file target-v7.pdb (PDB, C-alpha atoms)
ATOM      1  CA  MET A  70      61.423 102.798 171.120
ATOM      2  CA  PRO A  71      59.285 101.196 168.361
ATOM      3  CA  HIS A  72      60.001  97.639 167.315
ATOM      4  CA  LYS A  73      61.972  97.147 164.093
ATOM      5  CA  VAL A  74      60.270  95.394 161.190
ATOM      6  CA  LEU A  75      61.935  94.422 157.913
ATOM      7  CA  ILE A  76      60.082  95.183 154.658
ATOM      8  CA  TYR A  77      61.073  92.334 152.375
ATOM      9  CA  SER A  78      59.061  92.879 149.170
ATOM     10  CA  ARG A  79      58.849  96.056 147.125
ATOM     11  CA  PHE A  80      55.809  98.036 148.278
ATOM     12  CA  PRO A  81      54.671 101.558 147.348
ATOM     13  CA  LYS A  82      55.501 103.806 150.286
ATOM     14  CA  ALA A  83      51.850 104.834 150.620
ATOM     15  CA  MET A  84      50.954 101.260 151.628
ATOM     16  CA  MET A  85      53.405 101.354 154.521
ATOM     17  CA  LEU A  86      52.530 104.782 155.969
ATOM     18  CA  ARG A  87      50.134 103.514 158.645
ATOM     19  CA  ILE A  88      52.441 100.671 159.589
ATOM     20  CA  GLY A  89      55.395 103.075 159.765
ATOM     21  CA  GLU A  90      53.545 105.122 162.377
ATOM     22  CA  ARG A  91      53.673 102.161 164.769
ATOM     23  CA  PHE A  92      56.929 100.411 163.890
ATOM     24  CA  GLU A  93      60.429 101.285 162.720
ATOM     25  CA  LEU A  94      60.556  99.978 159.170
ATOM     26  CA  MET A  95      63.757  98.743 157.554
ATOM     27  CA  ASP A  96      62.924  98.768 153.852
ATOM     28  CA  ALA A  97      64.950  96.430 151.631
ATOM     29  CA  ALA A  98      63.003  97.811 148.621
ATOM     30  CA  GLY A  99      62.658  94.396 147.055
ATOM     31  CA  LYS A 100      66.373  93.614 147.189
ATOM     32  CA  PRO A 101      67.911  90.720 149.128
ATOM     33  CA  PRO A 102      68.102  92.090 152.696
ATOM     34  CA  HIS A 103      71.755  91.103 153.124
ATOM     35  CA  GLU A 104      72.620  93.393 150.203
ATOM     36  CA  VAL A 105      71.009  96.373 151.925
ATOM     37  CA  PHE A 106      71.672  95.769 155.611
ATOM     38  CA  THR A 107      74.615  94.426 157.546
ATOM     39  CA  ALA A 108      74.594  91.025 159.220
ATOM     40  CA  GLU A 109      74.505  92.812 162.567
ATOM     41  CA  GLN A 110      71.409  94.795 161.561
ATOM     42  CA  LEU A 111      69.639  91.669 160.354
ATOM     43  CA  SER A 112      70.569  89.633 163.400
ATOM     44  CA  GLY A 113      68.115  91.529 165.576
ATOM     45  CA  ILE A 114      65.133  91.399 163.188
ATOM     46  CA  ARG A 115      62.252  89.530 164.797
ATOM     47  CA  ALA A 116      59.459  90.306 162.318
ATOM     48  CA  MET A 117      59.154  91.056 158.624
ATOM     49  CA  ILE A 118      56.477  92.011 156.098
ATOM     50  CA  THR A 119      56.355  90.413 152.664
ATOM     51  CA  ALA A 120      54.022  90.015 149.701
ATOM     52  CA  GLY A 121      52.641  86.490 149.685
ATOM     53  CA  ALA A 122      53.808  85.664 146.161
ATOM     54  CA  THR A 123      57.389  86.853 146.700
ATOM     55  CA  PRO A 124      59.721  83.844 147.016
ATOM     56  CA  LEU A 125      60.949  83.646 150.593
ATOM     57  CA  GLY A 126      63.082  80.605 151.265
ATOM     58  CA  ALA A 127      64.896  79.093 154.211
ATOM     59  CA  ASP A 128      68.222  80.565 153.088
ATOM     60  CA  THR A 129      66.833  84.070 153.561
ATOM     61  CA  MET A 130      65.377  83.166 156.945
ATOM     62  CA  ASP A 131      68.776  81.880 158.046
ATOM     63  CA  LYS A 132      70.233  85.355 157.543
ATOM     64  CA  MET A 133      67.883  86.595 160.281
ATOM     65  CA  PRO A 134      68.498  84.243 163.229
ATOM     66  CA  SER A 135      66.110  86.134 165.523
ATOM     67  CA  LEU A 136      63.248  86.104 163.006
ATOM     68  CA  ARG A 137      60.046  84.696 164.530
ATOM     69  CA  ALA A 138      57.233  86.258 162.482
ATOM     70  CA  ILE A 139      56.644  86.567 158.744
ATOM     71  CA  VAL A 140      53.603  88.721 158.021
ATOM     72  CA  CYS A 141      52.166  88.606 154.496
ATOM     73  CA  TYR A 142      50.475  91.739 153.194
ATOM     74  CA  GLY A 143      47.470  90.123 151.525
ATOM     75  CA  THR A 144      45.660  86.817 151.525
ATOM     76  CA  GLY A 145      48.264  84.694 149.767
ATOM     77  CA  TYR A 146      51.376  83.145 151.261
ATOM     78  CA  ASP A 147      52.428  80.774 148.476
ATOM     79  CA  GLY A 148      55.889  82.332 148.157
ATOM     80  CA  VAL A 149      56.816  81.509 151.745
ATOM     81  CA  ASP A 150      58.576  78.238 152.552
ATOM     82  CA  LEU A 151      56.150  77.188 155.272
ATOM     83  CA  ALA A 152      58.081  74.045 156.168
ATOM     84  CA  GLY A 153      61.280  76.064 156.462
ATOM     85  CA  ALA A 154      59.538  78.619 158.655
ATOM     86  CA  ALA A 155      58.057  75.946 160.920
ATOM     87  CA  LYS A 156      61.448  74.280 161.301
ATOM     88  CA  ARG A 157      62.857  77.597 162.501
ATOM     89  CA  GLN A 158      59.882  78.263 164.798
ATOM     90  CA  ILE A 159      58.766  81.201 162.663
ATOM     91  CA  THR A 160      55.039  81.922 162.595
ATOM     92  CA  VAL A 161      53.558  83.036 159.272
ATOM     93  CA  GLY A 162      50.584  85.409 159.166
ATOM     94  CA  HIS A 163      48.430  86.864 156.409
ATOM     95  CA  SER A 164      45.308  88.943 155.766
ATOM     96  CA  PRO A 165      42.513  86.408 155.220
ATOM     97  CA  ALA A 166      39.484  87.642 153.242
ATOM     98  CA  ALA A 167      40.648  91.267 153.510
ATOM     99  CA  ASN A 168      40.463  91.776 149.752
ATOM    100  CA  ALA A 169      37.894  89.088 148.895
ATOM    101  CA  ALA A 170      35.152  91.467 147.755
ATOM    102  CA  ALA A 171      37.495  93.460 145.524
ATOM    103  CA  VAL A 172      38.965  90.345 143.916
ATOM    104  CA  ALA A 173      35.506  88.872 143.327
ATOM    105  CA  ASP A 174      34.400  92.123 141.721
ATOM    106  CA  LEU A 175      37.310  92.014 139.301
ATOM    107  CA  ALA A 176      36.659  88.361 138.490
ATOM    108  CA  VAL A 177      33.114  89.210 137.434
ATOM    109  CA  THR A 178      34.353  92.296 135.572
ATOM    110  CA  LEU A 179      36.778  90.153 133.577
ATOM    111  CA  MET A 180      34.044  87.615 132.867
ATOM    112  CA  LEU A 181      31.699  90.288 131.565
ATOM    113  CA  ALA A 182      34.419  92.010 129.548
ATOM    114  CA  VAL A 183      35.566  88.877 127.746
ATOM    115  CA  THR A 184      32.174  87.226 127.215
ATOM    116  CA  ARG A 185      30.575  90.460 125.955
ATOM    117  CA  ARG A 186      33.710  91.291 123.944
ATOM    118  CA  LEU A 187      33.987  94.697 125.545
ATOM    119  CA  LEU A 188      37.493  95.493 124.272
ATOM    120  CA  PRO A 189      36.660  94.792 120.593
ATOM    121  CA  ALA A 190      33.450  96.773 121.094
ATOM    122  CA  ASP A 191      35.412  99.709 122.503
ATOM    123  CA  ASP A 192      37.763  99.576 119.519
ATOM    124  CA  TYR A 193      34.784  99.310 117.151
ATOM    125  CA  VAL A 194      33.532 102.669 118.435
ATOM    126  CA  ARG A 195      36.918 104.421 118.710
ATOM    127  CA  SER A 196      38.087 103.345 115.254
ATOM    128  CA  GLY A 197      35.013 104.778 113.549
ATOM    129  CA  SER A 198      33.840 101.362 112.352
ATOM    130  CA  TRP A 199      30.503 101.799 114.107
ATOM    131  CA  SER A 200      29.780 105.229 112.647
ATOM    132  CA  SER A 201      30.725 104.012 109.174
ATOM    133  CA  ALA A 202      28.553 100.907 109.571
ATOM    134  CA  LYS A 203      31.560  98.664 108.908
ATOM    135  CA  PRO A 204      30.555  95.050 109.519
ATOM    136  CA  SER A 205      32.452  93.121 112.158
ATOM    137  CA  PRO A 206      32.141  89.432 113.051
ATOM    138  CA  LEU A 207      33.197  90.326 116.602
ATOM    139  CA  MET A 208      29.989  92.307 117.017
ATOM    140  CA  ARG A 209      27.720  89.304 116.523
ATOM    141  CA  PRO A 210      25.382  88.624 119.485
ATOM    142  CA  GLN A 211      26.913  86.485 122.224
ATOM    143  CA  PRO A 212      25.261  84.321 124.892
ATOM    144  CA  GLY A 213      24.133  86.330 127.910
ATOM    145  CA  ASN A 214      24.286  85.544 131.621
ATOM    146  CA  PRO A 215      20.822  84.124 132.359
ATOM    147  CA  GLY A 216      21.235  80.368 132.237
ATOM    148  CA  ARG A 217      25.003  80.548 131.757
ATOM    149  CA  ARG A 218      26.859  77.824 133.630
ATOM    150  CA  VAL A 219      29.662  79.283 135.729
ATOM    151  CA  GLY A 220      32.063  76.945 137.493
ATOM    152  CA  VAL A 221      34.064  78.168 140.487
ATOM    153  CA  TYR A 222      37.307  76.331 141.216
ATOM    154  CA  GLY A 223      37.973  76.959 144.918
ATOM    155  CA  MET A 224      35.169  77.860 147.322
ATOM    156  CA  GLY A 225      36.970  79.990 149.886
ATOM    157  CA  GLU A 226      35.960  83.550 150.757
ATOM    158  CA  ILE A 227      36.732  84.835 147.247
ATOM    159  CA  GLY A 228      35.053  81.891 145.548
ATOM    160  CA  ARG A 229      31.891  82.374 147.600
ATOM    161  CA  LYS A 230      31.714  86.055 146.769
ATOM    162  CA  ILE A 231      32.202  85.281 143.065
ATOM    163  CA  ALA A 232      29.420  82.708 143.250
ATOM    164  CA  SER A 233      26.953  85.086 144.909
ATOM    165  CA  ARG A 234      27.693  87.822 142.381
ATOM    166  CA  VAL A 235      27.315  85.477 139.421
ATOM    167  CA  ALA A 236      24.094  84.023 140.820
ATOM    168  CA  ALA A 237      22.645  87.551 140.838
ATOM    169  CA  PHE A 238      23.062  87.524 137.051
ATOM    170  CA  GLU A 239      20.662  84.535 136.909
ATOM    171  CA  SER A 240      23.500  82.187 135.992
ATOM    172  CA  GLU A 241      23.783  78.616 137.230
ATOM    173  CA  VAL A 242      26.693  78.120 139.616
ATOM    174  CA  GLY A 243      28.704  74.976 140.254
ATOM    175  CA  TYR A 244      31.957  74.461 142.104
ATOM    176  CA  PHE A 245      34.822  72.127 142.831
ATOM    177  CA  SER A 246      36.762  72.468 146.067
ATOM    178  CA  ARG A 247      38.691  70.210 148.435
ATOM    179  CA  SER A 248      35.609  70.174 150.634
ATOM    180  CA  LYS A 249      31.891  70.116 149.933
ATOM    181  CA  TYR A 250      30.005  72.899 151.699
ATOM    182  CA  ASP A 251      26.410  73.551 152.634
ATOM    183  CA  LEU A 252      25.849  76.020 149.818
ATOM    184  CA  PRO A 253      23.055  76.509 147.259
ATOM    185  CA  TYR A 254      25.376  75.591 144.391
ATOM    186  CA  GLN A 255      26.003  72.298 142.611
ATOM    187  CA  TYR A 256      29.107  70.495 143.827
ATOM    188  CA  PHE A 257      31.336  68.539 141.445
ATOM    189  CA  PRO A 258      33.725  65.862 142.736
ATOM    190  CA  THR A 259      36.527  66.716 140.302
ATOM    191  CA  LEU A 260      37.835  69.686 138.343
ATOM    192  CA  GLU A 261      37.351  67.649 135.163
ATOM    193  CA  ALA A 262      33.657  67.210 135.910
ATOM    194  CA  LEU A 263      33.271  70.923 136.615
ATOM    195  CA  ALA A 264      34.997  71.839 133.338
ATOM    196  CA  ASP A 265      32.732  69.449 131.407
ATOM    197  CA  TRP A 266      29.680  71.160 132.901
ATOM    198  CA  CYS A 267      30.480  74.881 132.820
ATOM    199  CA  SER A 268      30.990  77.441 130.065
ATOM    200  CA  VAL A 269      32.961  79.858 132.270
ATOM    201  CA  LEU A 270      35.605  78.534 134.662
ATOM    202  CA  MET A 271      36.475  80.947 137.475
ATOM    203  CA  ILE A 272      39.793  80.122 139.160
ATOM    204  CA  ALA A 273      39.734  81.141 142.821
ATOM    205  CA  VAL A 274      41.782  78.344 144.370
ATOM    206  CA  ARG A 275      44.779  78.935 146.629
ATOM    207  CA  ALA A 276      48.112  78.449 144.884
ATOM    208  CA  GLY A 277      50.402  75.646 145.963
ATOM    209  CA  ALA A 278      52.098  72.476 144.829
ATOM    210  CA  GLU A 279      48.780  70.629 144.588
ATOM    211  CA  THR A 280      47.277  73.257 142.264
ATOM    212  CA  GLN A 281      50.342  73.847 140.070
ATOM    213  CA  HIS A 282      49.101  73.754 136.441
ATOM    214  CA  ALA A 283      45.835  72.184 137.620
ATOM    215  CA  VAL A 284      44.137  73.950 134.701
ATOM    216  CA  ASN A 285      46.002  72.225 131.897
ATOM    217  CA  ALA A 286      45.382  71.344 128.249
ATOM    218  CA  ASN A 287      42.940  68.611 129.253
ATOM    219  CA  ILE A 288      40.818  70.933 131.408
ATOM    220  CA  LEU A 289      40.792  73.600 128.683
ATOM    221  CA  LYS A 290      39.703  71.052 126.093
ATOM    222  CA  ARG A 291      36.883  69.949 128.379
ATOM    223  CA  LEU A 292      35.798  73.568 128.751
ATOM    224  CA  GLY A 293      35.203  73.626 125.004
ATOM    225  CA  GLU A 294      35.147  76.032 122.102
ATOM    226  CA  ASP A 295      32.399  78.149 123.665
ATOM    227  CA  GLY A 296      34.118  78.209 127.028
ATOM    228  CA  TYR A 297      36.001  80.918 128.899
ATOM    229  CA  VAL A 298      38.492  80.858 131.751
ATOM    230  CA  VAL A 299      38.960  83.671 134.291
ATOM    231  CA  ASN A 300      41.943  83.639 136.665
ATOM    232  CA  ILE A 301      42.249  85.911 139.694
ATOM    233  CA  SER A 302      44.137  83.348 141.798
ATOM    234  CA  ARG A 303      47.793  82.883 140.816
ATOM    235  CA  GLY A 304      49.360  82.393 137.403
ATOM    236  CA  SER A 305      50.830  79.074 138.496
ATOM    237  CA  VAL A 306      47.394  77.425 138.548
ATOM    238  CA  ILE A 307      47.152  77.596 134.735
ATOM    239  CA  ASP A 308      49.574  75.973 132.314
ATOM    240  CA  GLU A 309      50.253  79.215 130.464
ATOM    241  CA  LYS A 310      51.648  77.556 127.328
ATOM    242  CA  ALA A 311      48.592  75.330 127.102
ATOM    243  CA  LEU A 312      46.377  78.402 127.588
ATOM    244  CA  VAL A 313      48.055  80.302 124.746
ATOM    245  CA  LYS A 314      47.609  77.301 122.456
ATOM    246  CA  ALA A 315      43.974  76.832 123.461
ATOM    247  CA  LEU A 316      43.229  80.491 122.790
ATOM    248  CA  SER A 317      45.145  80.514 119.512
ATOM    249  CA  ASP A 318      43.529  77.431 118.000
ATOM    250  CA  LYS A 319      40.090  78.272 119.439
ATOM    251  CA  THR A 320      39.964  75.266 121.741
ATOM    252  CA  ILE A 321      38.316  77.817 124.078
ATOM    253  CA  ALA A 322      36.607  81.094 123.239
ATOM    254  CA  GLY A 323      38.523  83.466 125.492
ATOM    255  CA  ALA A 324      40.094  84.319 128.827
ATOM    256  CA  GLY A 325      40.139  87.056 131.445
ATOM    257  CA  LEU A 326      43.403  87.214 133.397
ATOM    258  CA  ASP A 327      44.636  89.255 136.339
ATOM    259  CA  VAL A 328      47.568  86.988 137.219
ATOM    260  CA  TYR A 329      50.404  85.385 135.264
ATOM    261  CA  ASP A 330      53.109  82.787 135.613
ATOM    262  CA  LYS A 331      56.037  85.220 135.767
ATOM    263  CA  GLU A 332      54.813  88.638 136.807
ATOM    264  CA  PRO A 333      55.126  91.348 135.666
ATOM    265  CA  HIS A 334      56.222  89.703 132.399
ATOM    266  CA  THR A 335      53.412  88.443 130.208
ATOM    267  CA  PRO A 336      54.223  86.370 127.105
ATOM    268  CA  ASP A 337      53.916  88.257 123.818
ATOM    269  CA  ALA A 338      51.974  85.275 122.492
ATOM    270  CA  LEU A 339      49.324  86.015 125.122
ATOM    271  CA  THR A 340      49.165  89.796 124.832
ATOM    272  CA  ALA A 341      48.829  89.549 121.041
ATOM    273  CA  LEU A 342      45.597  87.572 121.235
ATOM    274  CA  PRO A 343      42.322  89.470 120.659
ATOM    275  CA  ASN A 344      40.182  87.089 122.737
ATOM    276  CA  VAL A 345      41.889  87.877 126.060
ATOM    277  CA  VAL A 346      41.229  90.643 128.588
ATOM    278  CA  LEU A 347      44.296  91.402 130.707
ATOM    279  CA  ALA A 348      44.766  93.228 134.017
ATOM    280  CA  PRO A 349      48.038  93.839 135.937
ATOM    281  CA  HIS A 350      47.248  91.870 139.138
ATOM    282  CA  ILE A 351      44.905  94.536 140.524
ATOM    283  CA  GLY A 352      42.230  92.251 141.968
ATOM    284  CA  GLY A 353      42.739  93.391 145.546
ATOM    285  CA  HIS A 354      43.871  96.891 144.630
ATOM    286  CA  THR A 355      41.110  99.070 146.081
ATOM    287  CA  LEU A 356      41.294 101.648 148.857
ATOM    288  CA  GLU A 357      39.056  99.588 151.111
ATOM    289  CA  SER A 358      41.048  96.407 150.545
ATOM    290  CA  HIS A 359      44.345  98.065 151.393
ATOM    291  CA  VAL A 360      42.933  99.461 154.624
ATOM    292  CA  ALA A 361      41.647  95.989 155.539
ATOM    293  CA  MET A 362      44.979  94.326 154.669
ATOM    294  CA  GLN A 363      46.896  96.937 156.666
ATOM    295  CA  ASN A 364      44.579  96.312 159.611
ATOM    296  CA  CYS A 365      45.515  92.624 159.508
ATOM    297  CA  VAL A 366      49.227  93.392 159.210
ATOM    298  CA  LEU A 367      49.039  95.776 162.166
ATOM    299  CA  ALA A 368      47.061  93.259 164.219
ATOM    300  CA  ASN A 369      49.572  90.501 163.451
ATOM    301  CA  LEU A 370      52.592  92.650 164.326
ATOM    302  CA  THR A 371      50.954  94.072 167.450
ATOM    303  CA  GLY A 372      49.975  90.622 168.676
ATOM    304  CA  PHE A 373      53.423  89.234 167.986
ATOM    305  CA  PHE A 374      55.380  91.951 169.784
ATOM    306  CA  ALA A 375      52.926  91.818 172.695
ATOM    307  CA  GLY A 376      53.697  88.129 173.093
ATOM    308  CA  GLN A 377      50.125  87.137 172.229
ATOM    309  CA  GLY A 378      50.828  85.494 168.884
ATOM    310  CA  LEU A 379      49.507  86.348 165.430
ATOM    311  CA  PRO A 380      45.689  86.613 165.291
ATOM    312  CA  TYR A 381      45.778  85.830 161.566
ATOM    313  CA  ALA A 382      48.322  83.036 161.528
ATOM    314  CA  VAL A 383      48.497  80.666 158.585
ATOM    315  CA  ASN A 384      47.577  77.065 159.282
ATOM    316  CA  ALA A 385      50.452  75.223 157.618
ATOM    317  CA  ALA A 386      48.408  72.025 157.553
TER     318      ALA A 386
END

call {"tool": "encode", "arguments": {"input": "target-v7.pdb", "output": "structure tokens"}}
result
Amino acid sequence: MPHKVLIYSRFPKAMMLRIGERFELMDAAGKPPHEVFTAEQLSGIRAMITAGATPLGADTMDKMPSLRAIVCYGTGYDGVDLAGAAKRQITVGHSPAANAAAVADLAVTLMLAVTRRLLPADDYVRSGSWSSAKPSPLMRPQPGNPGRRVGVYGMGEIGRKIASRVAAFESEVGYFSRSKYDLPYQYFPTLEALADWCSVLMIAVRAGAETQHAVNANILKRLGEDGYVVNISRGSVIDEKALVKALSDKTIAGAGLDVYDKEPHTPDALTALPNVVLAPHIGGHTLESHVAMQNCVLANLTGFFAGQGLPYAVNAA
């Protein structure tokens, strides 16, 4: 008989097909599990799958006394109470680097779209303004990539892939991270110093208490009126109100965003701005990335139920 696994977050069924071939899935469909299943059903659950950004606190864990493994579908695990899990001897796993290439690709896509004003250009053609030779200030030449200074905040797997892609555009690359690495890019000791130097700030840092609103009004001001910010990390890293103000009063030139503070709800003040390119958190949403993330989920569950531990366990430290 296959082992039972609780599906905590809301996932499209297609993402769970491969996993469902190996395990008996109890799908809570994004609802609190105790509202869908009885206490008796939950008492025997030993492993669960969740999306890393979905809040998963100790109170929920307490409703599953046999729970010993929380497996995140994706790289992130910021929604999981790691201290609460450790206290209950629950191991947390994730899918490290499984979607790094896809997320880096989208980061560069957003950078190109906002710096080259692709959306206004698209509208310029569709509206007939181009064919009627209607002048537009948005169509003025913009700085290109050669010589552009791109700062990467967070030099993990995604940050490194962003850096290598941007370097191929003949841009200068700098970075700020908790650690300095042996990389061919300029290291800055603080985020403030990186923002002072760069004209595009790429946010690729892991979300957490230490990065909450790290990109605030001060950082945006340092980025400057010709500067852009691109976020493919988590919405919590940017002070969204400060970002709206900076975009509205032209403290910065523009932004490319795939993540938001309260998804899927994006402030009207943000969506109304013409100098922003928006995507619905699709950075890791490619066929190849989903296969890679599912491979990690399957490996974590298989290792756990075999008594060998999770091969992709999160280091809570």

call {"tool": "atom_distance", "arguments": {"input": "target-v7.pdb", "atom1": "atom CA of A:Glu241", "atom2": "atom CA of A:Gly216"}}
result
5.9 Å

call {"tool": "closest_residue", "arguments": {"input": "target-v7.pdb", "among": "A:Ile231, A:Ala166, A:Ala262, A:Val345", "to": "A:Leu312", "atoms": "all atoms listed in the file"}}
result
A:Val345

call {"tool": "residues_near_point", "arguments": {"input": "target-v7.pdb", "point": "(46.8, 86.7, 137.1)", "cutoff": "12 Å", "atoms": "only C-alpha atoms", "output": "PyMOL selection string"}}
result
chain A and resi 122+172+175-176+179+271-273+276+298-307+309+324-335+346-353

call {"tool": "closest_atom_pairs", "arguments": {"input": "target-v7.pdb", "of": "stretch 326-378 of chain A", "to": "stretch 76-90 of chain A", "cutoff": "10 Å", "atoms": "all atoms listed in the file", "output": "JSON lines"}}
result
{"residue": "A:His359", "atom": "CA", "partner": "A:Met84", "partner_atom": "CA", "distance": 7.3}
{"residue": "A:Val360", "atom": "CA", "partner": "A:Met84", "partner_atom": "CA", "distance": 8.7}
{"residue": "A:Met362", "atom": "CA", "partner": "A:Met84", "partner_atom": "CA", "distance": 9.6}
{"residue": "A:Gln363", "atom": "CA", "partner": "A:Ile88", "partner_atom": "CA", "distance": 7.3}
{"residue": "A:Asn364", "atom": "CA", "partner": "A:Ile88", "partner_atom": "CA", "distance": 9.0}
{"residue": "A:Val366", "atom": "CA", "partner": "A:Ile88", "partner_atom": "CA", "distance": 8.0}
{"residue": "A:Leu367", "atom": "CA", "partner": "A:Ile88", "partner_atom": "CA", "distance": 6.5}
{"residue": "A:Leu370", "atom": "CA", "partner": "A:Ile88", "partner_atom": "CA", "distance": 9.3}

call {"tool": "atom_distance", "arguments": {"input": "target-v7.pdb", "atom1": "atom CA of A:Met95", "atom2": "atom CA of A:Cys141"}}
result
15.7 Å

call {"tool": "residues_near_point", "arguments": {"input": "target-v7.pdb", "point": "(60.3, 97.4, 165.4)", "cutoff": "10 Å", "atoms": "only C-alpha atoms", "output": "mmCIF file with C-alpha atoms, keeping the file's coordinate frame"}}
result
data_model
loop_
_atom_site.group_PDB
_atom_site.id
_atom_site.type_symbol
_atom_site.label_atom_id
_atom_site.label_comp_id
_atom_site.auth_asym_id
_atom_site.auth_seq_id
_atom_site.Cartn_x
_atom_site.Cartn_y
_atom_site.Cartn_z
ATOM 1 C CA MET A 70 61.423 102.798 171.120
ATOM 2 C CA PRO A 71 59.285 101.196 168.361
ATOM 3 C CA HIS A 72 60.001 97.639 167.315
ATOM 4 C CA LYS A 73 61.972 97.147 164.093
ATOM 5 C CA VAL A 74 60.270 95.394 161.190
ATOM 6 C CA LEU A 75 61.935 94.422 157.913
ATOM 7 C CA GLY A 89 55.395 103.075 159.765
ATOM 8 C CA ARG A 91 53.673 102.161 164.769
ATOM 9 C CA PHE A 92 56.929 100.411 163.890
ATOM 10 C CA GLU A 93 60.429 101.285 162.720
ATOM 11 C CA LEU A 94 60.556 99.978 159.170
ATOM 12 C CA MET A 95 63.757 98.743 157.554
ATOM 13 C CA GLY A 113 68.115 91.529 165.576
ATOM 14 C CA ILE A 114 65.133 91.399 163.188
ATOM 15 C CA ARG A 115 62.252 89.530 164.797
ATOM 16 C CA ALA A 116 59.459 90.306 162.318
ATOM 17 C CA MET A 117 59.154 91.056 158.624
ATOM 18 C CA LEU A 370 52.592 92.650 164.326
ATOM 19 C CA PHE A 374 55.380 91.951 169.784
#

call {"tool": "resolve_selection", "arguments": {"input": "target-v7.pdb", "expression": "the PyMOL selection byres ((chain A and resi 212) around 12)", "output": "list of chain:residue names"}}
result
A:Leu181, A:Val183, A:Thr184, A:Arg185, A:Arg186, A:Arg209, A:Pro210, A:Gln211, A:Gly213, A:Asn214, A:Pro215, A:Gly216, A:Arg217, A:Arg218, A:Ser240, A:Ser268, A:Val269, A:Asp295, A:Gly296, A:Tyr297, A:Ala322

call {"tool": "closest_residue", "arguments": {"input": "target-v7.pdb", "among": "A:Met208, A:Ile227, A:Ile159, A:Ile321", "to": "A:Ala264", "atoms": "all atoms listed in the file"}}
result
A:Ile321

call {"tool": "decode", "arguments": {"input": "target-v7.pdb", "residues": "stretch 146-157 of chain A", "atoms": "N, CA, C and O atoms", "output": "tab-separated table (two decimals), in the first residue's frame"}}
result
chain	number	residue	atom	x	y	z
A	146	TYR	N	11.26	28.27	1.00
A	146	TYR	CA	10.64	27.64	2.17
A	146	TYR	C	10.31	28.68	3.23
A	146	TYR	O	10.18	28.39	4.40
A	147	ASP	N	10.18	29.94	2.79
A	147	ASP	CA	10.02	31.06	3.72
A	147	ASP	C	8.68	31.04	4.46
A	147	ASP	O	8.55	31.68	5.50
A	148	GLY	N	7.70	30.30	3.94
A	148	GLY	CA	6.41	30.24	4.63
A	148	GLY	C	6.39	29.25	5.78
A	148	GLY	O	5.49	29.29	6.63
A	149	VAL	N	7.38	28.39	5.85
A	149	VAL	CA	7.42	27.34	6.87
A	149	VAL	C	8.07	27.86	8.15
A	149	VAL	O	9.14	28.47	8.11
A	150	ASP	N	7.44	27.60	9.27
A	150	ASP	CA	8.02	27.93	10.58
A	150	ASP	C	9.10	26.90	10.87
A	150	ASP	O	8.84	25.81	11.40
A	151	LEU	N	10.34	27.24	10.51
A	151	LEU	CA	11.44	26.28	10.65
A	151	LEU	C	11.72	25.94	12.11
A	151	LEU	O	12.01	24.79	12.45
A	152	ALA	N	11.63	26.96	12.97
A	152	ALA	CA	11.87	26.71	14.39
A	152	ALA	C	10.81	25.78	14.96
A	152	ALA	O	11.10	24.87	15.74
A	153	GLY	N	9.55	26.02	14.55
A	153	GLY	CA	8.46	25.16	14.99
A	153	GLY	C	8.62	23.74	14.50
A	153	GLY	O	8.34	22.78	15.23
A	154	ALA	N	9.08	23.60	13.26
A	154	ALA	CA	9.30	22.26	12.71
A	154	ALA	C	10.42	21.55	13.46
A	154	ALA	O	10.30	20.37	13.83
A	155	ALA	N	11.51	22.26	13.71
A	155	ALA	CA	12.65	21.65	14.41
A	155	ALA	C	12.26	21.21	15.82
A	155	ALA	O	12.67	20.14	16.28
A	156	LYS	N	11.45	22.03	16.48
A	156	LYS	CA	11.01	21.69	17.83
A	156	LYS	C	10.20	20.40	17.85
A	156	LYS	O	10.23	19.64	18.82
A	157	ARG	N	9.50	20.15	16.75
A	157	ARG	CA	8.65	18.96	16.65
A	157	ARG	C	9.35	17.82	15.92
A	157	ARG	O	8.71	16.85	15.54
